[in-house]
Amino acid sequence: LLRDLEGNDWEALHPQCAENISEGHTIISEFIQFQQKISPLQGPFTEHLKEDCSRLLCVARGWFAAEEEIMRLMGNGQQALEDGLFAGQLVWQIS
């Protein structure tokens, strides 16, 4: 999202970004359902699969939280995003 913002108009980008966030929530929901389906499985590689799924879900949630935060800040103007970015206060900078 930050790359897309550079040199582009926020109003033109906003609808596509909102759609991407919505799709991201769908993907995360589907992934949670997958994780729930594999949780009762037993076998030689299931623990590794479960750990990888947990890590992937954590990364995906962080990614979408960052995207949502950027969208929220841009809704308040580019200066709000820049202030948070340069202060090191954005969710992905703190984590």
# chains A, B, ... in the order shown; residues from 1 in each chain; ligands from 1
$ residues_around --residues "segment 57-68 of chain A" --least-positions-apart "4" --cutoff "9 Å" --atoms "only C-alpha atoms" --output "NGL selection string"
:A and (1-2 or 17-18 or 21 or 24-25 or 28 or 31-32 or 52-53 or 72-73 or 90-92 or 95)
$ write_last_selection --atoms "all heavy atoms" --output "compact mmCIF listing (two decimals), in the first residue's frame"
# COMPACT_ATOMS: atom_id res chain seq x y z
N LEU A 1 0.83 -1.19 0.00
CA LEU A 1 0.00 0.00 0.00
C LEU A 1 0.87 1.24 0.00
O LEU A 1 0.58 2.19 -0.72
CB LEU A 1 -0.95 -0.02 1.20
CG LEU A 1 -1.93 1.13 1.33
CD1 LEU A 1 -2.76 1.31 0.08
CD2 LEU A 1 -2.85 0.89 2.51
N LEU A 2 1.93 1.25 0.78
CA LEU A 2 2.81 2.43 0.81
C LEU A 2 3.43 2.68 -0.56
O LEU A 2 3.55 3.82 -0.99
CB LEU A 2 3.90 2.27 1.87
CG LEU A 2 3.44 2.38 3.32
CD1 LEU A 2 4.59 2.07 4.26
CD2 LEU A 2 2.86 3.75 3.61
N CYS A 17 -8.04 -0.47 -2.49
CA CYS A 17 -7.45 -0.85 -1.20
C CYS A 17 -8.50 -1.43 -0.26
O CYS A 17 -8.25 -2.43 0.41
CB CYS A 17 -6.77 0.36 -0.55
SG CYS A 17 -5.33 0.95 -1.44
N ALA A 18 -9.67 -0.80 -0.22
CA ALA A 18 -10.75 -1.31 0.62
C ALA A 18 -11.18 -2.70 0.18
O ALA A 18 -11.44 -3.58 1.02
CB ALA A 18 -11.93 -0.34 0.59
N ILE A 21 -8.57 -5.21 1.34
CA ILE A 21 -8.70 -5.48 2.77
C ILE A 21 -9.85 -6.44 3.01
O ILE A 21 -9.74 -7.39 3.80
CB ILE A 21 -8.90 -4.17 3.57
CG1 ILE A 21 -7.64 -3.30 3.51
CG2 ILE A 21 -9.31 -4.45 5.01
CD1 ILE A 21 -6.43 -3.88 4.21
N GLY A 24 -8.81 -9.78 2.09
CA GLY A 24 -7.87 -10.27 3.10
C GLY A 24 -8.59 -10.85 4.30
O GLY A 24 -8.20 -11.90 4.83
N HIS A 25 -9.64 -10.19 4.74
CA HIS A 25 -10.43 -10.72 5.86
C HIS A 25 -11.07 -12.06 5.50
O HIS A 25 -11.12 -12.97 6.33
CB HIS A 25 -11.51 -9.72 6.29
CG HIS A 25 -10.97 -8.57 7.07
ND1 HIS A 25 -10.47 -8.71 8.35
CD2 HIS A 25 -10.83 -7.27 6.76
CE1 HIS A 25 -10.06 -7.55 8.78
NE2 HIS A 25 -10.26 -6.65 7.84
N ILE A 28 -8.28 -14.66 5.67
CA ILE A 28 -7.96 -14.99 7.06
C ILE A 28 -9.05 -15.87 7.67
O ILE A 28 -8.75 -16.85 8.36
CB ILE A 28 -7.73 -13.71 7.89
CG1 ILE A 28 -6.38 -13.10 7.48
CG2 ILE A 28 -7.77 -14.00 9.39
CD1 ILE A 28 -6.08 -11.77 8.13
N PHE A 31 -8.64 -19.30 6.36
CA PHE A 31 -7.46 -19.91 6.94
C PHE A 31 -7.73 -20.38 8.37
O PHE A 31 -7.28 -21.46 8.77
CB PHE A 31 -6.28 -18.94 6.91
CG PHE A 31 -4.98 -19.61 7.15
CD1 PHE A 31 -4.34 -20.30 6.14
CD2 PHE A 31 -4.39 -19.58 8.39
CE1 PHE A 31 -3.14 -20.94 6.37
CE2 PHE A 31 -3.20 -20.22 8.64
CZ PHE A 31 -2.57 -20.90 7.63
N ILE A 32 -8.49 -19.60 9.12
CA ILE A 32 -8.86 -20.00 10.48
C ILE A 32 -9.70 -21.28 10.44
O ILE A 32 -9.50 -22.20 11.25
CB ILE A 32 -9.60 -18.86 11.21
CG1 ILE A 32 -8.62 -17.74 11.52
CG2 ILE A 32 -10.28 -19.36 12.48
CD1 ILE A 32 -9.27 -16.46 12.01
N ASP A 52 3.35 -24.14 11.51
CA ASP A 52 3.46 -23.31 10.31
C ASP A 52 2.18 -22.53 10.06
O ASP A 52 2.22 -21.35 9.69
CB ASP A 52 3.82 -24.14 9.08
CG ASP A 52 5.27 -24.58 9.07
OD1 ASP A 52 6.05 -24.11 9.92
OD2 ASP A 52 5.62 -25.41 8.19
N CYS A 53 1.04 -23.16 10.26
CA CYS A 53 -0.24 -22.49 10.09
C CYS A 53 -0.39 -21.34 11.09
O CYS A 53 -0.86 -20.26 10.72
CB CYS A 53 -1.39 -23.48 10.25
SG CYS A 53 -1.61 -24.57 8.84
N ARG A 72 -6.74 3.89 7.51
CA ARG A 72 -7.39 4.75 8.51
C ARG A 72 -6.66 6.09 8.60
O ARG A 72 -7.28 7.16 8.60
CB ARG A 72 -7.40 4.06 9.88
CG ARG A 72 -8.07 4.87 10.98
CD ARG A 72 -8.04 4.15 12.32
NE ARG A 72 -6.73 3.64 12.71
CZ ARG A 72 -5.75 4.40 13.22
NH1 ARG A 72 -5.92 5.69 13.38
NH2 ARG A 72 -4.59 3.86 13.58
N LEU A 73 -5.33 6.05 8.64
CA LEU A 73 -4.56 7.29 8.73
C LEU A 73 -4.72 8.14 7.47
O LEU A 73 -4.83 9.36 7.56
CB LEU A 73 -3.09 6.98 9.00
CG LEU A 73 -2.78 6.43 10.39
CD1 LEU A 73 -1.35 5.93 10.46
CD2 LEU A 73 -3.06 7.48 11.45
N LEU A 90 3.61 3.30 13.92
CA LEU A 90 2.68 2.42 13.20
C LEU A 90 2.79 0.99 13.71
O LEU A 90 3.83 0.56 14.19
CB LEU A 90 2.97 2.47 11.69
CG LEU A 90 2.87 3.86 11.05
CD1 LEU A 90 3.12 3.76 9.56
CD2 LEU A 90 1.54 4.51 11.33
N VAL A 91 1.70 0.26 13.60
CA VAL A 91 1.60 -1.09 14.19
C VAL A 91 2.74 -1.99 13.72
O VAL A 91 3.30 -2.74 14.49
CB VAL A 91 0.21 -1.70 13.92
CG1 VAL A 91 -0.02 -2.02 12.46
CG2 VAL A 91 0.01 -2.94 14.76
N TRP A 92 3.13 -1.89 12.47
CA TRP A 92 4.19 -2.74 11.96
C TRP A 92 5.57 -2.26 12.36
O TRP A 92 6.54 -3.00 12.29
CB TRP A 92 4.09 -2.92 10.45
CG TRP A 92 4.08 -1.63 9.67
CD1 TRP A 92 2.98 -0.90 9.33
CD2 TRP A 92 5.20 -0.93 9.15
NE1 TRP A 92 3.36 0.21 8.63
CE2 TRP A 92 4.71 0.22 8.49
CE3 TRP A 92 6.57 -1.17 9.16
CZ2 TRP A 92 5.53 1.13 7.86
CZ3 TRP A 92 7.41 -0.25 8.54
CH2 TRP A 92 6.89 0.88 7.89
N SER A 95 5.75 -3.65 16.32
CA SER A 95 5.76 -5.11 16.51
C SER A 95 7.13 -5.70 16.34
O SER A 95 7.94 -5.32 15.63
CB SER A 95 4.80 -5.78 15.53
OG SER A 95 3.51 -5.30 15.73
$ residues_around --residues "Gln89 of chain A" --least-positions-apart "5" --cutoff "12 Å" --atoms "only C-alpha atoms" --output "MDAnalysis selection string"
chainID A and resid 66 69:70 73 80:84 94:95
$ atom_distance --atom1 "atom CA of Gln79 of chain A" --atom2 "atom CA of Asp4 of chain A"
16.4 Å
$ atom_distance --atom1 "atom CA of Gly77 of chain A" --atom2 "atom CA of Gly7 of chain A"
14.6 Å
$ closest_residue --among "A:Gln78, A:Met71, A:Ile38, A:Leu5" --to "Asn20 of chain A" --atoms "only C-alpha atoms"
A:Met71
$ decode --residues "segment 16-46 of chain A" --atoms "N, CA, C and O atoms" --output "short mmCIF file (atom, residue, chain, number, x, y, z; two decimals), in the first residue's frame"
data_model
loop_
_atom_site.label_atom_id
_atom_site.label_comp_id
_atom_site.auth_asym_id
_atom_site.auth_seq_id
_atom_site.Cartn_x
_atom_site.Cartn_y
_atom_site.Cartn_z
N GLN A 16 -9.90 0.37 -4.36
CA GLN A 16 -9.18 -0.90 -4.58
C GLN A 16 -8.56 -1.38 -3.27
O GLN A 16 -8.58 -2.57 -2.97
N CYS A 17 -8.04 -0.47 -2.49
CA CYS A 17 -7.45 -0.85 -1.20
C CYS A 17 -8.50 -1.43 -0.26
O CYS A 17 -8.25 -2.43 0.41
N ALA A 18 -9.67 -0.80 -0.22
CA ALA A 18 -10.75 -1.31 0.62
C ALA A 18 -11.18 -2.70 0.18
O ALA A 18 -11.44 -3.58 1.02
N GLU A 19 -11.23 -2.91 -1.13
CA GLU A 19 -11.58 -4.24 -1.65
C GLU A 19 -10.52 -5.27 -1.27
O GLU A 19 -10.85 -6.39 -0.87
N ASN A 20 -9.25 -4.89 -1.36
CA ASN A 20 -8.17 -5.80 -0.98
C ASN A 20 -8.24 -6.18 0.50
O ASN A 20 -8.01 -7.33 0.86
N ILE A 21 -8.57 -5.21 1.34
CA ILE A 21 -8.70 -5.48 2.77
C ILE A 21 -9.85 -6.44 3.01
O ILE A 21 -9.74 -7.39 3.80
N SER A 22 -10.95 -6.22 2.33
CA SER A 22 -12.11 -7.11 2.47
C SER A 22 -11.74 -8.54 2.05
O SER A 22 -12.08 -9.51 2.74
N GLU A 23 -11.04 -8.67 0.93
CA GLU A 23 -10.59 -9.99 0.48
C GLU A 23 -9.63 -10.60 1.49
O GLU A 23 -9.67 -11.82 1.73
N GLY A 24 -8.81 -9.78 2.09
CA GLY A 24 -7.87 -10.27 3.10
C GLY A 24 -8.59 -10.85 4.30
O GLY A 24 -8.20 -11.90 4.83
N HIS A 25 -9.64 -10.19 4.74
CA HIS A 25 -10.43 -10.72 5.86
C HIS A 25 -11.07 -12.06 5.50
O HIS A 25 -11.12 -12.97 6.33
N THR A 26 -11.50 -12.19 4.25
CA THR A 26 -12.06 -13.46 3.80
C THR A 26 -11.00 -14.55 3.83
O THR A 26 -11.26 -15.67 4.31
N ILE A 27 -9.82 -14.23 3.35
CA ILE A 27 -8.72 -15.21 3.34
C ILE A 27 -8.37 -15.63 4.76
O ILE A 27 -8.19 -16.81 5.04
N ILE A 28 -8.28 -14.66 5.67
CA ILE A 28 -7.96 -14.99 7.06
C ILE A 28 -9.05 -15.87 7.67
O ILE A 28 -8.75 -16.85 8.36
N SER A 29 -10.31 -15.56 7.40
CA SER A 29 -11.41 -16.39 7.92
C SER A 29 -11.32 -17.82 7.39
O SER A 29 -11.50 -18.78 8.14
N GLU A 30 -11.03 -17.95 6.10
CA GLU A 30 -10.90 -19.29 5.52
C GLU A 30 -9.70 -20.02 6.11
O GLU A 30 -9.76 -21.23 6.34
N PHE A 31 -8.64 -19.30 6.36
CA PHE A 31 -7.46 -19.91 6.94
C PHE A 31 -7.73 -20.38 8.37
O PHE A 31 -7.28 -21.46 8.77
N ILE A 32 -8.49 -19.60 9.12
CA ILE A 32 -8.86 -20.00 10.48
C ILE A 32 -9.70 -21.28 10.44
O ILE A 32 -9.50 -22.20 11.25
N GLN A 33 -10.61 -21.36 9.49
CA GLN A 33 -11.41 -22.58 9.34
C GLN A 33 -10.52 -23.77 9.00
O GLN A 33 -10.71 -24.87 9.54
N PHE A 34 -9.54 -23.56 8.13
CA PHE A 34 -8.60 -24.63 7.80
C PHE A 34 -7.82 -25.07 9.04
O PHE A 34 -7.67 -26.26 9.31
N GLN A 35 -7.37 -24.09 9.80
CA GLN A 35 -6.62 -24.38 11.01
C GLN A 35 -7.46 -25.19 12.00
O GLN A 35 -6.97 -26.11 12.64
N GLN A 36 -8.73 -24.86 12.10
CA GLN A 36 -9.62 -25.60 13.00
C GLN A 36 -9.82 -27.03 12.51
O GLN A 36 -9.94 -27.96 13.32
N LYS A 37 -9.87 -27.21 11.20
CA LYS A 37 -10.05 -28.56 10.64
C LYS A 37 -8.84 -29.45 10.87
O LYS A 37 -8.97 -30.66 11.05
N ILE A 38 -7.64 -28.86 10.86
CA ILE A 38 -6.45 -29.70 11.03
C ILE A 38 -6.08 -29.89 12.50
O ILE A 38 -5.26 -30.75 12.81
N SER A 39 -6.68 -29.12 13.40
CA SER A 39 -6.28 -29.20 14.81
C SER A 39 -6.43 -30.60 15.41
O SER A 39 -5.59 -31.01 16.21
N PRO A 40 -7.46 -31.38 15.06
CA PRO A 40 -7.54 -32.71 15.68
C PRO A 40 -6.67 -33.77 15.00
O PRO A 40 -6.59 -34.91 15.48
N LEU A 41 -6.01 -33.44 13.92
CA LEU A 41 -5.21 -34.43 13.18
C LEU A 41 -4.01 -34.88 14.01
O LEU A 41 -3.44 -34.12 14.77
N GLN A 42 -3.64 -36.12 13.80
CA GLN A 42 -2.47 -36.72 14.43
C GLN A 42 -1.62 -37.35 13.34
O GLN A 42 -2.15 -37.89 12.38
N GLY A 43 -0.33 -37.29 13.48
CA GLY A 43 0.54 -37.91 12.51
C GLY A 43 1.95 -37.35 12.62
O GLY A 43 2.20 -36.43 13.40
N PRO A 44 2.86 -37.88 11.81
CA PRO A 44 4.27 -37.51 11.96
C PRO A 44 4.56 -36.04 11.63
O PRO A 44 5.50 -35.47 12.17
N PHE A 45 3.81 -35.41 10.77
CA PHE A 45 4.11 -34.04 10.37
C PHE A 45 3.04 -33.03 10.80
O PHE A 45 3.13 -31.85 10.45
N THR A 46 2.05 -33.47 11.54
CA THR A 46 0.93 -32.58 11.87
C THR A 46 1.34 -31.43 12.80
O THR A 46 0.85 -30.32 12.65
#
